[in-house]
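The structure under discussion appears below in the form of structure tokens.
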Amino acid sequence: MADRHQSTRQQLDKLFFLDAIVSLILGGISLLAPHGIIQALSGGYNHSTHEVFRLYGCLRIAVGWILFNVRGVDDGKFRRTVCEALMACYTASALAVIRAQFTDHSSRNVMNWIAIGFLVNFSILYGTFRFGKGGDMIKVYELPSTTARSMR
């Protein structure tokens, strides 16, 4: 049983790492995006759009840094809360992009579908850890040394 919990925790750490890398890359691209990319993506350059895009990049970099470091945290309740928050965030984000894709008939684009794919997949992955694979058990989120201490 302990091996299964350890394996699940390692899988969650890998998910945190993958999400951190994707967040850092997307954040860096968003923060450093030149005017030409913003113009191509939005159908014309808009300074406010570029500013929001850069702010989004800063947020993604912060999320990536947090996820990269949360892998070493041994507080099971905190790690479970991170899973819940990210699942809710990615689900809400996916719904917002889906709504935008279907309500604005003039700008249905491939980038939205790519974003929807990433957002839905990350939401499902975090949901799987939270509500499947023993996600209700704190042991799944804790380091082996913490689990061993709590069994004493």
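Scheme for the structure tokens: letters A, B, ... for chains in order shown; per-chain residue numbers from 1; ligand numbers from 1 in order shown.
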Practice prompt. Show which residues sit within 12 Å of A:Gln39, as a list in words. Count only C-alpha atoms, and ignore same-chain residues fewer than 5 positions away.
Written response: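 So the residues in contact are Ala33, Pro34, Gly44, Tyr45, Asn46, His47, Ser48, Thr49, His50 and Phe53 of chain A.
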Go ahead and dump the residues you just picked, C-alpha atoms, as an mmCIF file, in the first residue's frame.
```cif
data_model
loop_
_atom_site.group_PDB
_atom_site.id
_atom_site.type_symbol
_atom_site.label_atom_id
_atom_site.label_comp_id
_atom_site.auth_asym_id
_atom_site.auth_seq_id
_atom_site.Cartn_x
_atom_site.Cartn_y
_atom_site.Cartn_z
ATOM 1 C CA ALA A 33 6.624 38.544 -27.180
ATOM 2 C CA PRO A 34 7.496 41.165 -29.800
ATOM 3 C CA GLY A 44 -3.654 44.325 -35.326
ATOM 4 C CA TYR A 45 -1.429 45.784 -32.665
ATOM 5 C CA ASN A 46 -3.074 47.019 -29.485
ATOM 6 C CA HIS A 47 -0.890 48.276 -26.654
ATOM 7 C CA SER A 48 -3.389 47.193 -23.965
ATOM 8 C CA THR A 49 -3.550 43.681 -25.411
ATOM 9 C CA HIS A 50 0.229 43.499 -25.371
ATOM 10 C CA PHE A 53 -0.272 39.403 -22.551
#
```
Item to complete: Looking only at helix (DSSP H, G or I) from DSSP on the backbone, list the matching residues of stretch 68-119 of chain A as number ranges by chain.
Response: A: 68-70, 76-103, 110-119
Resulting file, chosen residues, N, CA and C atoms, as a short mmCIF file (atom, residue, chain, number, x, y, z; two decimals), in the first residue's frame:
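As written to disk, part.cif reads:
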```cif
data_model
loop_
_atom_site.label_atom_id
_atom_site.label_comp_id
_atom_site.auth_asym_id
_atom_site.auth_seq_id
_atom_site.Cartn_x
_atom_site.Cartn_y
_atom_site.Cartn_z
N PHE A 68 7.35 24.27 -9.44
CA PHE A 68 8.67 23.66 -9.41
C PHE A 68 9.10 23.42 -7.96
N ASN A 69 8.79 24.34 -7.08
CA ASN A 69 9.20 24.23 -5.68
C ASN A 69 8.24 23.46 -4.80
N VAL A 70 6.99 23.34 -5.18
CA VAL A 70 6.01 22.63 -4.35
C VAL A 70 6.29 21.12 -4.33
N GLY A 76 0.81 17.36 3.16
CA GLY A 76 -0.17 16.71 2.30
C GLY A 76 -1.40 17.55 2.02
N LYS A 77 -1.88 18.25 3.03
CA LYS A 77 -3.07 19.10 2.83
C LYS A 77 -2.78 20.23 1.85
N PHE A 78 -1.60 20.80 1.95
CA PHE A 78 -1.22 21.88 1.04
C PHE A 78 -1.15 21.37 -0.39
N ARG A 79 -0.49 20.23 -0.60
CA ARG A 79 -0.36 19.66 -1.94
C ARG A 79 -1.73 19.30 -2.52
N ARG A 80 -2.62 18.78 -1.69
CA ARG A 80 -3.96 18.45 -2.16
C ARG A 80 -4.69 19.74 -2.56
N THR A 81 -4.52 20.80 -1.79
CA THR A 81 -5.15 22.08 -2.10
C THR A 81 -4.61 22.64 -3.41
N VAL A 82 -3.33 22.48 -3.66
CA VAL A 82 -2.74 22.92 -4.93
C VAL A 82 -3.39 22.17 -6.08
N CYS A 83 -3.58 20.86 -5.93
CA CYS A 83 -4.25 20.06 -6.98
C CYS A 83 -5.67 20.58 -7.22
N GLU A 84 -6.41 20.83 -6.16
CA GLU A 84 -7.78 21.32 -6.29
C GLU A 84 -7.80 22.68 -6.99
N ALA A 85 -6.92 23.58 -6.56
CA ALA A 85 -6.89 24.92 -7.13
C ALA A 85 -6.53 24.90 -8.61
N LEU A 86 -5.54 24.11 -8.97
CA LEU A 86 -5.13 24.04 -10.37
C LEU A 86 -6.20 23.38 -11.24
N MET A 87 -6.86 22.35 -10.71
CA MET A 87 -7.94 21.73 -11.46
C MET A 87 -9.06 22.75 -11.71
N ALA A 88 -9.43 23.50 -10.68
CA ALA A 88 -10.49 24.51 -10.83
C ALA A 88 -10.05 25.62 -11.79
N CYS A 89 -8.80 26.06 -11.68
CA CYS A 89 -8.28 27.12 -12.55
C CYS A 89 -8.27 26.69 -14.01
N TYR A 90 -7.75 25.50 -14.27
CA TYR A 90 -7.68 25.02 -15.65
C TYR A 90 -9.07 24.75 -16.22
N THR A 91 -9.99 24.28 -15.39
CA THR A 91 -11.36 24.04 -15.86
C THR A 91 -12.03 25.37 -16.21
N ALA A 92 -11.94 26.35 -15.33
CA ALA A 92 -12.54 27.66 -15.60
C ALA A 92 -11.90 28.32 -16.83
N SER A 93 -10.59 28.19 -16.95
CA SER A 93 -9.90 28.76 -18.12
C SER A 93 -10.35 28.08 -19.40
N ALA A 94 -10.48 26.77 -19.38
CA ALA A 94 -10.94 26.04 -20.56
C ALA A 94 -12.34 26.48 -20.95
N LEU A 95 -13.23 26.63 -19.96
CA LEU A 95 -14.60 27.07 -20.24
C LEU A 95 -14.62 28.47 -20.83
N ALA A 96 -13.74 29.35 -20.34
CA ALA A 96 -13.69 30.72 -20.87
C ALA A 96 -13.22 30.73 -22.32
N VAL A 97 -12.21 29.91 -22.63
CA VAL A 97 -11.71 29.88 -24.01
C VAL A 97 -12.72 29.20 -24.94
N ILE A 98 -13.38 28.16 -24.44
CA ILE A 98 -14.42 27.50 -25.24
C ILE A 98 -15.54 28.48 -25.55
N ARG A 99 -15.96 29.24 -24.54
CA ARG A 99 -17.02 30.24 -24.76
C ARG A 99 -16.57 31.27 -25.79
N ALA A 100 -15.35 31.75 -25.66
CA ALA A 100 -14.83 32.74 -26.62
C ALA A 100 -14.78 32.15 -28.03
N GLN A 101 -14.40 30.89 -28.13
CA GLN A 101 -14.29 30.25 -29.43
C GLN A 101 -15.65 30.15 -30.13
N PHE A 102 -16.70 29.89 -29.37
CA PHE A 102 -18.01 29.68 -29.99
C PHE A 102 -18.89 30.92 -30.05
N THR A 103 -18.53 31.96 -29.30
CA THR A 103 -19.37 33.17 -29.33
C THR A 103 -18.86 34.24 -30.29
N VAL A 110 -7.03 28.48 -34.63
CA VAL A 110 -6.36 27.25 -34.20
C VAL A 110 -5.75 27.43 -32.81
N MET A 111 -5.25 28.62 -32.50
CA MET A 111 -4.63 28.86 -31.19
C MET A 111 -5.61 28.58 -30.04
N ASN A 112 -6.88 28.95 -30.24
CA ASN A 112 -7.87 28.66 -29.20
C ASN A 112 -8.03 27.16 -28.99
N TRP A 113 -8.03 26.41 -30.09
CA TRP A 113 -8.20 24.95 -29.96
C TRP A 113 -6.99 24.33 -29.27
N ILE A 114 -5.81 24.84 -29.55
CA ILE A 114 -4.60 24.35 -28.88
C ILE A 114 -4.69 24.67 -27.38
N ALA A 115 -5.08 25.89 -27.06
CA ALA A 115 -5.23 26.29 -25.65
C ALA A 115 -6.27 25.43 -24.95
N ILE A 116 -7.39 25.20 -25.62
CA ILE A 116 -8.45 24.36 -25.04
C ILE A 116 -7.91 22.96 -24.75
N GLY A 117 -7.15 22.41 -25.68
CA GLY A 117 -6.57 21.08 -25.48
C GLY A 117 -5.66 21.02 -24.27
N PHE A 118 -4.75 21.99 -24.15
CA PHE A 118 -3.86 22.03 -22.98
C PHE A 118 -4.64 22.20 -21.69
N LEU A 119 -5.56 23.14 -21.68
CA LEU A 119 -6.31 23.44 -20.45
C LEU A 119 -7.16 22.25 -20.00
#
```
Worksheet item: Could you pull the residues within 12 Å of stretch 71-73 of chain A, counting only C-alpha atoms, minus those fewer than 3 positions along the same chain, as a PyMOL selection string?
Response: chain A and resi 9-20+64-68+76-80+82-83+141-146
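Interatomic distance, atom CA of A:Tyr56 to atom CA of A:Gly127: 23.6 Å.
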